[in-house]
2 protein chains.
Amino acid sequence: MPLGDVDTPALLIDLDAFERNVELMAKNIESYGIRLRPHAKTHKCAVIARRQMARGAVGICCQKVSEAEALVYGGVDNVLVSNEVVGRQKLERLAGLARAARVAVCVDDAGNVEALEKAAALVGVSIDVLVEINVGADRCGVRPGEAGLALARKVEASDHLRFAGLQAYQGRAQHLRGFAERRQAIEAAAGEARRTVDLLAAHGIACETVAGAGTGTWRFEAGSGVYNELQAGSYIFMDADYARNRNADGGRFDDFEHSLFVYTTVMSTPEPRRVVVDAGLKSMAFDSGMPGVAGMESVQYAGPSDEHGNLNLSESNAKLSLGDKLRLIPGHCDPTVNLYDWFVCVRKERVECLWPIVARGAVW
Amino acid sequence: MPLGDVDTPALLIDLDAFERNVELMAKNIESYGIRLRPHAKTHKCAVIARRQMARGAVGICCQKVSEAEALVYGGVDNVLVSNEVVGRQKLERLAGLARAARVAVCVDDAGNVEALEKAAALVGVSIDVLVEINVGADRCGVRPGEAGLALARKVEASDHLRFAGLQAYQGRAQHLRGFAERRQAIEAAAGEARRTVDLLAAHGIACETVAGAGTGTWRFEAGSGVYNELQAGSYIFMDADYARNRNADGGRFDDFEHSLFVYTTVMSTPEPRRVVVDAGLKSMAFDSGMPGVAGMESVQYAGPSDEHGNLNLSESNAKLSLGDKLRLIPGHCDPTVNLYDWFVCVRKERVECLWPIVARGAVW
């Protein structure tokens, strides 16, 4: 089917660009001699997860138990829930999943370690555990240093849990615009991680894994000498918002290419320099700003409502007519993907395949 | 099942509050002697649509053909797509749907009227058509007056289309904070609608329907003497953002009660006055601001990421512990509902039923 026959809104992957991104990150990580465990919260798709693992990834990250279930039962055999899991129901499901795949999880609370141990014992499995430390994101995680040590000891003392290392993700650093700002934030995070690793070592506890990093900062963690397992996810698609970051030379952050698009139709042409498209709040995430318009940089998307968006053509020579179709670059890929059941995968303007987003809506 | 056993995040309806909202709007509209055609883009649920019609609604509005399909095949027999439908595929599906239900649609373009006529002729159905006029929302729609007349004539001249009146929705007025501002915006919109109705009448064209209104302004359209079919949708749930509007007395807009909630769990307690909950960008829409916390007005939800949100307790006496569950009031209900497959319907703290959100993701 030619791309032009795809009805809109639809979520497109440009396969050539996507494959270049997957390959580039795999090569980069190899060159640093560390591991890649890409985050599947970006794509929620078992096909993509298996492709990443076929190209060297040691496993994947998920953020939720239900997401991990969808991917494990889609053929992925190694999952880290890079998040805390709270509540008996979820913990028992996580333990059950450890019968089907290698499963790891993060903790930041002693009571939660006890509840996790209880669930693992009930099901009769062993679960790998990373202690999450707060290295500047100020979300979850205990303080680096002594608090991390105390929790690692608690894990080590649990029969069905294996202490596997530290989770040290600096989420806030990912979208700092300046290159130097991002580097500085990750240097600080790596310093806290190193201090905690050293403290644990001084107490005879080895950190097999020090995990973290995202698409905005991956080079810094990769070169830190501390992090040895990177969790970048968005690199496969490249959000419009990541393109607002700056590189070392002050230019646009362009480590990766945009490969994810929302395909949309011009559905009303009410004014000479304003048209309305059929993709709004229910077709894209807007938390990280407006989408770009692929191939039409001077056309501005503005004023989204649930099912509509305006394109302002006043600073552009573009001519758009009723029924024209175009590609929007989502500001934030992860929550955009979560709105769709399928990726429409396109190569050279033809649909090559559809990939199911098996963990769409798996938020619990 | 007790509410407390429901795993999170989950989308809850408080059935008592929901039923009071449905009843209150039905009575209000009856008292004005006009019609209610509630917008189903809010709930995307055939169960709710049928309940609204059982309580007097003449039909429902949808915003997309796929949404209309989901609801018609869920048992709804009267649907207005209160939006333009562009492209052969969609138009033929719309015409096909007119075999299963009474179907109406909006137009704002002469070429689109021809394409619609062609699709209706192909399928052999008659479709009701409203001409959309722009009464201040500056989204879709032709200008009121002559442009509306020209398009109405075009519809009248089409064999398989029946001119049914005007669509005159003032979407921008809904969230104007001040009562007087909202009233003024709707007075202006009603003036434009009246002028167009009169012009059409002078040319022998009757407007059976003048449609519009939303939850923020419904009283003004209802009392306008022009609008005779109201399209409010959010009144059943009542967004947190609508509660930021003001009433005539300057108090909080409280025509309706909050009945929709995102149930969430405290999943990390990293600081004495900051806890992390398990509902973020993939569990709620944030385009209209942060959610409220039900029963804890001085607790602030802040800093959402994909799967997390922070609760700031610094201005509250609330005590929240790991595993505690609470209810968030979404800032914007419509795109929040679109993230879930089911409503968990609760009465007096017990789950009474699950209602499927059949048009979840139906955005095309």
# chains A, B, ... in the order shown; residues from 1 in each chain; ligands from 1
>>> closest_atom_pairs(of="segment 95-177 of chain A", to="segment 286-305 of chain B", cutoff="12 Å", atoms="only C-alpha atoms", output="CSV")
residue,atom,partner,partner_atom,distance
A:Ala137,CA,B:Gly303,CA,10.8
A:Asp138,CA,B:Gly303,CA,9.9
A:Arg139,CA,B:Gly303,CA,8.9
A:Cys140,CA,B:Ser305,CA,11.6
A:Gly171,CA,B:Ser305,CA,9.2
A:Arg172,CA,B:Ser305,CA,10.0
>>> write_last_selection(atoms="N, CA, C and O atoms", output="compact mmCIF listing (two decimals), in the first residue's frame")
# COMPACT_ATOMS: atom_id res chain seq x y z
N ALA A 137 17.50 13.61 39.94
CA ALA A 137 16.20 13.69 39.29
C ALA A 137 15.11 14.08 40.28
O ALA A 137 14.05 14.56 39.89
N ASP A 138 15.35 13.83 41.57
CA ASP A 138 14.36 14.14 42.62
C ASP A 138 13.01 13.51 42.32
O ASP A 138 11.97 14.19 42.40
N ARG A 139 13.03 12.26 41.94
CA ARG A 139 11.77 11.54 41.77
C ARG A 139 11.80 10.43 42.82
O ARG A 139 11.62 10.72 43.99
N CYS A 140 12.03 9.19 42.43
CA CYS A 140 12.16 8.12 43.41
C CYS A 140 13.63 7.96 43.79
O CYS A 140 14.50 8.67 43.31
N GLY A 171 16.94 11.71 35.26
CA GLY A 171 15.92 12.05 34.27
C GLY A 171 15.86 13.53 33.95
O GLY A 171 15.60 13.92 32.81
N ARG A 172 16.13 14.35 34.95
CA ARG A 172 16.04 15.80 34.74
C ARG A 172 17.07 16.32 33.76
O ARG A 172 16.90 17.39 33.17
>>> closest_atom_pairs(of="chain A", to="chain B", cutoff="6 Å", atoms="only C-alpha atoms", output="JSON lines")
{"residue": "A:Thr8", "atom": "CA", "partner": "B:Trp364", "partner_atom": "CA", "distance": 5.6}
{"residue": "A:Pro9", "atom": "CA", "partner": "B:Trp364", "partner_atom": "CA", "distance": 5.5}
{"residue": "A:Val86", "atom": "CA", "partner": "B:Met267", "partner_atom": "CA", "distance": 5.6}
{"residue": "A:Cys140", "atom": "CA", "partner": "B:Ser268", "partner_atom": "CA", "distance": 5.9}
{"residue": "A:Met267", "atom": "CA", "partner": "B:Val86", "partner_atom": "CA", "distance": 5.6}
{"residue": "A:Ser268", "atom": "CA", "partner": "B:Cys140", "partner_atom": "CA", "distance": 5.9}
{"residue": "A:Lys282", "atom": "CA", "partner": "B:Pro335", "partner_atom": "CA", "distance": 5.6}
{"residue": "A:Pro335", "atom": "CA", "partner": "B:Lys282", "partner_atom": "CA", "distance": 5.6}
{"residue": "A:Trp364", "atom": "CA", "partner": "B:Pro9", "partner_atom": "CA", "distance": 5.5}
>>> write_last_selection(atoms="N, CA, C and O atoms", output="PDB file, in the first residue's frame")
ATOM      1  N   THR A   8      -5.833   8.643   8.226  1.00  0.00           N
ATOM      2  CA  THR A   8      -5.208   9.426   9.307  1.00  0.00           C
ATOM      3  C   THR A   8      -6.207   9.729  10.413  1.00  0.00           C
ATOM      4  O   THR A   8      -7.402   9.690  10.166  1.00  0.00           O
ATOM      5  N   PRO A   9      -5.695  10.060  11.602  1.00  0.00           N
ATOM      6  CA  PRO A   9      -4.301  10.014  12.040  1.00  0.00           C
ATOM      7  C   PRO A   9      -3.786   8.575  12.145  1.00  0.00           C
ATOM      8  O   PRO A   9      -4.536   7.676  12.497  1.00  0.00           O
ATOM      9  N   VAL A  86       4.940  -1.489  43.869  1.00  0.00           N
ATOM     10  CA  VAL A  86       4.338  -1.404  45.202  1.00  0.00           C
ATOM     11  C   VAL A  86       2.953  -2.041  45.203  1.00  0.00           C
ATOM     12  O   VAL A  86       2.152  -1.796  44.291  1.00  0.00           O
ATOM     13  N   CYS A 140      12.031   9.190  42.428  1.00  0.00           N
ATOM     14  CA  CYS A 140      12.157   8.118  43.409  1.00  0.00           C
ATOM     15  C   CYS A 140      13.631   7.964  43.789  1.00  0.00           C
ATOM     16  O   CYS A 140      14.504   8.670  43.306  1.00  0.00           O
ATOM     17  N   MET A 267      -8.004  18.976   7.116  1.00  0.00           N
ATOM     18  CA  MET A 267      -9.450  18.700   7.098  1.00  0.00           C
ATOM     19  C   MET A 267     -10.311  19.951   7.024  1.00  0.00           C
ATOM     20  O   MET A 267     -11.537  19.870   6.935  1.00  0.00           O
ATOM     21  N   SER A 268      -9.676  21.113   7.046  1.00  0.00           N
ATOM     22  CA  SER A 268     -10.423  22.365   6.899  1.00  0.00           C
ATOM     23  C   SER A 268      -9.417  23.435   6.502  1.00  0.00           C
ATOM     24  O   SER A 268      -8.270  23.422   6.965  1.00  0.00           O
ATOM     25  N   LYS A 282      -5.703  13.867  21.293  1.00  0.00           N
ATOM     26  CA  LYS A 282      -5.882  12.416  21.397  1.00  0.00           C
ATOM     27  C   LYS A 282      -4.984  11.651  20.425  1.00  0.00           C
ATOM     28  O   LYS A 282      -5.020  10.425  20.385  1.00  0.00           O
ATOM     29  N   PRO A 335       4.625   9.057  25.382  1.00  0.00           N
ATOM     30  CA  PRO A 335       3.165   9.095  25.585  1.00  0.00           C
ATOM     31  C   PRO A 335       2.380   9.177  24.274  1.00  0.00           C
ATOM     32  O   PRO A 335       1.188   8.868  24.261  1.00  0.00           O
ATOM     33  N   TRP A 364      -0.283  -0.144  34.628  1.00  0.00           N
ATOM     34  CA  TRP A 364      -0.377  -0.523  36.041  1.00  0.00           C
ATOM     35  C   TRP A 364       0.671  -1.552  36.442  1.00  0.00           C
ATOM     36  O   TRP A 364       1.446  -1.990  35.604  1.00  0.00           O
TER      37      TRP A 364
END
>>> residues_around(residues="Leu24 of chain B", least_positions_apart="5", cutoff="10 Å", atoms="only C-alpha atoms", output="tab-separated table (two decimals) with N, CA and C atoms, in the first residue's frame")
chain	number	residue	atom	x	y	z
B	18	PHE	N	-22.07	10.72	39.02
B	18	PHE	CA	-22.32	10.65	37.59
B	18	PHE	C	-23.83	10.70	37.30
B	19	GLU	N	-24.59	9.90	38.01
B	19	GLU	CA	-26.04	9.85	37.76
B	19	GLU	C	-26.71	11.18	38.11
B	29	ILE	N	-32.23	20.97	30.63
B	29	ILE	CA	-32.50	21.14	29.21
B	29	ILE	C	-34.02	21.06	28.96
B	30	GLU	N	-34.67	20.15	29.63
B	30	GLU	CA	-36.14	20.07	29.53
B	30	GLU	C	-36.77	21.42	29.89
B	235	TYR	N	-20.07	17.59	31.21
B	235	TYR	CA	-20.90	17.75	32.41
B	235	TYR	C	-21.07	16.43	33.16
B	236	ILE	N	-20.95	15.30	32.48
B	236	ILE	CA	-21.13	14.03	33.19
B	236	ILE	C	-19.99	13.76	34.16
B	255	ASP	N	-21.76	23.83	38.60
B	255	ASP	CA	-23.02	23.30	38.06
B	255	ASP	C	-23.08	21.78	38.20
B	256	PHE	N	-21.92	21.13	38.12
B	256	PHE	CA	-21.87	19.67	38.15
B	256	PHE	C	-20.79	19.21	39.13
>>> select_by_dssp(residues="segment 18-180 of chain B", states="helix (DSSP H, G or I)", output="PyMOL selection string")
chain B and resi 18-32+46-54+65-72+88-97+110-123+146-156+171-173+179-180
